[in-house]
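Chemist: My structure is stored as entry_14.csv, with CSV, C-alpha atoms.
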chain,number,residue,atom,x,y,z
A,1,PRO,CA,76.1,-52.3,84.8
A,2,GLN,CA,79.9,-52.3,85.1
A,3,GLU,CA,80.0,-48.8,83.5
A,4,PRO,CA,77.2,-46.3,84.1
A,5,SER,CA,74.6,-46.6,81.4
A,6,LEU,CA,73.4,-43.0,81.6
A,7,TYR,CA,72.9,-40.2,79.1
A,8,LYS,CA,75.4,-37.5,79.9
A,9,PHE,CA,73.5,-34.8,78.0
A,10,LEU,CA,70.5,-35.4,80.3
A,11,SER,CA,70.2,-34.2,83.9
A,12,GLY,CA,70.0,-36.7,86.8
A,13,ASN,CA,66.2,-36.2,86.9
A,14,GLU,CA,65.8,-36.6,83.1
A,15,ASN,CA,67.8,-39.9,83.2
A,16,ILE,CA,65.6,-41.2,86.0
A,17,GLU,CA,62.4,-40.1,84.1
A,18,PHE,CA,63.7,-41.8,80.9
A,19,PHE,CA,64.3,-45.1,82.6
A,20,GLY,CA,61.1,-44.9,84.6
A,21,ASN,CA,59.2,-44.4,81.3
A,22,LEU,CA,60.8,-47.5,79.9
A,23,TYR,CA,59.1,-49.4,82.8
A,24,LEU,CA,55.8,-47.7,81.9
A,25,MET,CA,55.6,-46.0,85.3
A,26,SER,CA,53.3,-43.1,85.7
A,27,LYS,CA,54.8,-39.6,85.9
A,28,ASN,CA,53.6,-39.2,89.6
A,29,GLU,CA,55.1,-42.6,90.5
A,30,ILE,CA,58.4,-41.7,88.9
A,31,LYS,CA,58.5,-38.3,90.6
A,32,ALA,CA,57.7,-39.6,94.1
A,33,ARG,CA,60.2,-42.5,93.9
A,34,ALA,CA,62.9,-40.4,92.3
A,35,GLU,CA,62.6,-37.7,95.0
A,36,LYS,CA,62.8,-40.3,97.8
A,37,LEU,CA,65.9,-42.1,96.2
A,38,LEU,CA,67.7,-38.8,95.3
A,39,LYS,CA,67.3,-37.6,98.9
A,40,THR,CA,68.3,-40.9,100.5
A,41,LEU,CA,71.4,-41.2,98.4
A,42,GLY,CA,72.4,-37.6,98.6
A,43,LEU,CA,71.9,-36.5,95.0
A,44,TYR,CA,68.9,-34.3,95.4
A,45,GLU,CA,70.8,-31.1,95.0
A,46,ALA,CA,72.5,-32.3,91.8
A,47,ARG,CA,69.3,-33.7,90.2
A,48,LYS,CA,68.9,-30.8,87.7
A,49,ARG,CA,72.6,-30.8,86.6
A,50,LYS,CA,73.7,-32.6,83.4
A,51,THR,CA,75.3,-35.8,84.3
A,52,LYS,CA,78.4,-35.1,82.2
A,53,GLY,CA,79.5,-32.9,85.2
A,54,TYR,CA,78.9,-35.7,87.8
A,55,SER,CA,81.9,-37.4,89.5
A,56,GLY,CA,82.4,-41.1,89.0
A,57,GLY,CA,80.8,-41.8,92.4
A,58,MET,CA,77.8,-39.6,91.6
A,59,LEU,CA,77.3,-41.5,88.4
A,60,ARG,CA,77.4,-44.8,90.3
A,61,GLN,CA,74.8,-43.5,92.7
A,62,LEU,CA,72.6,-42.3,89.9
A,63,SER,CA,73.0,-45.7,88.2
A,64,LEU,CA,71.8,-47.3,91.5
A,65,ILE,CA,68.8,-45.0,91.6
A,66,VAL,CA,67.9,-45.8,87.9
A,67,SER,CA,68.1,-49.5,88.7
A,68,LEU,CA,65.7,-49.0,91.7
A,69,ILE,CA,63.2,-46.6,90.1
A,70,ASN,CA,60.7,-49.4,89.3
A,71,ASN,CA,61.1,-50.9,92.8
A,72,PRO,CA,62.3,-54.4,91.7
A,73,GLU,CA,61.8,-57.4,93.9
A,74,ILE,CA,65.2,-58.8,93.0
A,75,LEU,CA,68.2,-56.4,92.5
A,76,PHE,CA,71.4,-57.5,90.8
A,77,LEU,CA,74.3,-55.2,91.6
A,78,ASP,CA,77.7,-55.5,90.0
A,79,GLU,CA,80.3,-53.7,92.1
A,80,PRO,CA,77.8,-51.0,93.1
A,81,THR,CA,80.3,-48.9,95.1
A,82,VAL,CA,83.3,-48.9,92.9
A,83,GLY,CA,84.6,-45.4,92.5
A,84,MET,CA,82.8,-44.0,95.5
A,85,ASP,CA,84.6,-42.4,98.4
A,86,ALA,CA,84.4,-44.0,101.8
A,87,ARG,CA,81.6,-41.7,103.1
A,88,VAL,CA,79.3,-42.3,100.1
A,89,ARG,CA,80.1,-46.0,100.0
A,90,ARG,CA,78.9,-46.3,103.7
A,91,LYS,CA,75.8,-44.3,102.8
A,92,VAL,CA,75.1,-46.8,100.0
A,93,TRP,CA,75.8,-49.8,102.3
A,94,ASN,CA,73.3,-48.4,104.9
A,95,PHE,CA,70.7,-47.8,102.2
A,96,LEU,CA,71.1,-51.4,100.8
A,97,LYS,CA,71.0,-52.9,104.3
A,98,SER,CA,67.7,-51.0,105.0
A,99,MET,CA,66.2,-52.2,101.7
A,100,LYS,CA,67.1,-55.7,102.6
A,101,GLU,CA,65.8,-55.6,106.1
A,102,GLU,CA,62.8,-53.2,105.9
A,103,GLU,CA,61.6,-54.0,102.4
A,104,ASP,CA,62.6,-57.7,102.4
A,105,ARG,CA,64.4,-57.2,99.1
A,106,THR,CA,66.6,-59.8,97.5
A,107,ILE,CA,69.9,-58.4,96.5
A,108,ILE,CA,72.5,-60.3,94.5
A,109,LEU,CA,75.8,-58.5,94.7
A,110,THR,CA,79.2,-59.1,93.0
A,111,THR,CA,82.1,-57.3,94.6
A,112,HIS,CA,85.9,-57.3,94.9
A,113,TYR,CA,85.5,-55.5,98.2
A,114,ILE,CA,85.5,-58.3,100.7
A,115,GLU,CA,84.5,-56.0,103.6
A,116,GLU,CA,81.5,-55.0,101.5
A,117,ALA,CA,80.4,-58.6,101.2
A,118,GLU,CA,81.0,-59.2,104.9
A,119,ALA,CA,79.0,-56.0,105.8
A,120,LEU,CA,76.0,-56.6,103.4
A,121,CYS,CA,75.6,-60.3,102.6
A,122,ASP,CA,73.7,-63.0,104.4
A,123,ARG,CA,75.4,-65.6,102.2
A,124,VAL,CA,78.7,-65.3,100.3
A,125,ALA,CA,80.1,-67.4,97.5
A,126,ILE,CA,83.8,-67.2,96.8
A,127,ILE,CA,84.7,-67.9,93.2
A,128,ASP,CA,88.3,-68.5,92.2
A,129,TYR,CA,89.4,-69.1,88.6
A,130,GLY,CA,85.8,-69.6,87.6
A,131,LYS,CA,85.2,-72.3,90.3
A,132,LEU,CA,83.0,-72.0,93.4
A,133,ILE,CA,85.4,-72.7,96.3
A,134,ALA,CA,83.4,-71.6,99.3
A,135,ILE,CA,79.8,-70.8,100.2
A,136,GLY,CA,78.1,-69.9,103.4
A,137,SER,CA,77.3,-67.0,105.7
A,138,PRO,CA,80.3,-64.7,106.4
A,139,GLN,CA,80.1,-65.9,110.1
A,140,GLU,CA,80.1,-69.6,109.0
A,141,LEU,CA,83.1,-69.1,106.7
A,142,ILE,CA,85.0,-67.2,109.3
A,143,LYS,CA,84.4,-69.9,111.9
A,144,GLU,CA,85.2,-72.7,109.4
A,145,HIS,CA,88.5,-71.3,108.5
A,146,ASN,CA,89.4,-70.1,112.1
A,147,VAL,CA,90.1,-66.5,111.1
A,148,SER,CA,88.8,-63.1,112.3
A,149,ASN,CA,87.1,-61.7,109.1
A,150,LEU,CA,86.0,-62.6,105.6
A,151,GLU,CA,89.0,-61.1,103.9
A,152,GLU,CA,91.2,-63.5,105.8
A,153,VAL,CA,89.0,-66.4,104.6
A,154,PHE,CA,89.5,-65.2,101.1
A,155,LEU,CA,93.3,-64.8,101.5
A,156,LYS,CA,93.5,-68.2,103.2
A,157,ILE,CA,91.7,-70.2,100.5
A,158,THR,CA,93.0,-68.2,97.5
A,159,GLY,CA,96.3,-66.8,98.9
A,160,ARG,CA,98.6,-69.4,97.3
A,161,ARG,CA,97.6,-68.1,93.9
A,162,ILE,CA,97.8,-64.5,94.8
A,163,THR,CA,101.4,-64.7,95.9
A,164,GLU,CA,102.6,-66.9,93.1
A,165,GLY,CA,104.9,-65.1,90.7
A,166,MET,CA,105.5,-62.1,93.1
Would you kindly transcribe this structure into structure tokens?

Modeler:
Amino acid sequence: PQEPSLYKFLSGNENIEFFGNLYLMSKNEIKARAEKLLKTLGLYEARKRKTKGYSGGMLRQLSLIVSLINNPEILFLDEPTVGMDARVRRKVWNFLKSMKEEEDRTIILTTHYIEEAEALCDRVAIIDYGKLIAIGSPQELIKEHNVSNLEEVFLKITGRRITEGM
């Protein structure tokens, strides 16, 4: 979700257990998967704290864990790293890359961070004013528009509108 859908009066562990229970997962399954995800994403030490004391980045990480607790085949992520510092964002990127490659997971990602799309996505769709204006792999789009990175593609094909009125 755009905003974390967590219960601030519950601990990180309790939030994970709550959502795992909604998926009718066994206690052992929830515990094992939660421990793995908490350690991988660096929240293991904070798991017993109430989430009202979590930073924005920690809440985003916990939201990601909650969305992964039932091990979905397809994962929809809406700006998953917004509010995270660069170190944590890179940790999440590495985690998502490993999920995609090692677990053959399908991840559909929306982001305003063009470097995030370039780093994580096999295919990118650029939407401007509600219209699809480009689609392809980051490498295809970069080559097609004769630029050095995906952000330059984005600026080249939408830049006219960005600079209007400035």

Chemist: Using only C-alpha atoms - which residues lie no farther than 9 Å from the point (73.4, -57.2, 96.2) in the file's frame? Write them as an mmCIF file with C-alpha atoms, keeping the file's coordinate frame.

Modeler:
data_model
loop_
_atom_site.group_PDB
_atom_site.id
_atom_site.type_symbol
_atom_site.label_atom_id
_atom_site.label_comp_id
_atom_site.auth_asym_id
_atom_site.auth_seq_id
_atom_site.Cartn_x
_atom_site.Cartn_y
_atom_site.Cartn_z
ATOM 1 C CA ILE A 74 65.200 -58.800 93.000
ATOM 2 C CA LEU A 75 68.200 -56.400 92.500
ATOM 3 C CA PHE A 76 71.400 -57.500 90.800
ATOM 4 C CA LEU A 77 74.300 -55.200 91.600
ATOM 5 C CA ASP A 78 77.700 -55.500 90.000
ATOM 6 C CA GLU A 79 80.300 -53.700 92.100
ATOM 7 C CA PRO A 80 77.800 -51.000 93.100
ATOM 8 C CA LEU A 96 71.100 -51.400 100.800
ATOM 9 C CA THR A 106 66.600 -59.800 97.500
ATOM 10 C CA ILE A 107 69.900 -58.400 96.500
ATOM 11 C CA ILE A 108 72.500 -60.300 94.500
ATOM 12 C CA LEU A 109 75.800 -58.500 94.700
ATOM 13 C CA THR A 110 79.200 -59.100 93.000
ATOM 14 C CA THR A 111 82.100 -57.300 94.600
ATOM 15 C CA ALA A 117 80.400 -58.600 101.200
ATOM 16 C CA LEU A 120 76.000 -56.600 103.400
ATOM 17 C CA CYS A 121 75.600 -60.300 102.600
#

Chemist: In Å, rounded to a single decimal, give me how far CA of Tyr23 in chain A is from CA of Pro72 in chain A.

Modeler: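 Interatomic distance, CA of Pro72 in chain A to CA of Tyr23 in chain A: 10.7 Å.
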
Chemist: Kindly give the distance, in Å, that separates CA of Glu17 in chain A and CA of Ala86 in chain A, rounded to a single decimal.

Modeler: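 Going from CA of Glu17 in chain A over to CA of Ala86 in chain A, I get 28.5 Å.
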
Chemist: With all atoms listed in the file as the basis for distance, which of A:Gly136, A:Gly20, A:Gly12, A:Gly130 is at the shortest distance from Lys50 in chain A?

Modeler: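 Ranking A:Gly136, A:Gly20, A:Gly12, A:Gly130 by distance to Lys50 in chain A, first place goes to A:Gly12.
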
Chemist: Quick one: residues within 9 Å of range 123-125 of chain A, only C-alpha atoms counted, chain neighbours fewer than 4 positions away excluded, as a compact mmCIF listing (two decimals) with C-alpha atoms, in the coordinates of the input?

Modeler:
# COMPACT_ATOMS: atom_id res chain seq x y z
CA ALA A 117 80.40 -58.60 101.20
CA GLU A 118 81.00 -59.20 104.90
CA LEU A 132 83.00 -72.00 93.40
CA ILE A 133 85.40 -72.70 96.30
CA ALA A 134 83.40 -71.60 99.30
CA ILE A 135 79.80 -70.80 100.20
CA GLY A 136 78.10 -69.90 103.40
CA SER A 137 77.30 -67.00 105.70
CA PRO A 138 80.30 -64.70 106.40
CA LEU A 141 83.10 -69.10 106.70

Chemist: Please report the interatomic distance between CA of Met99 in chain A and CA of Glu35 in chain A in Å with one decimal.

Modeler: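 The value is 16.4 Å.
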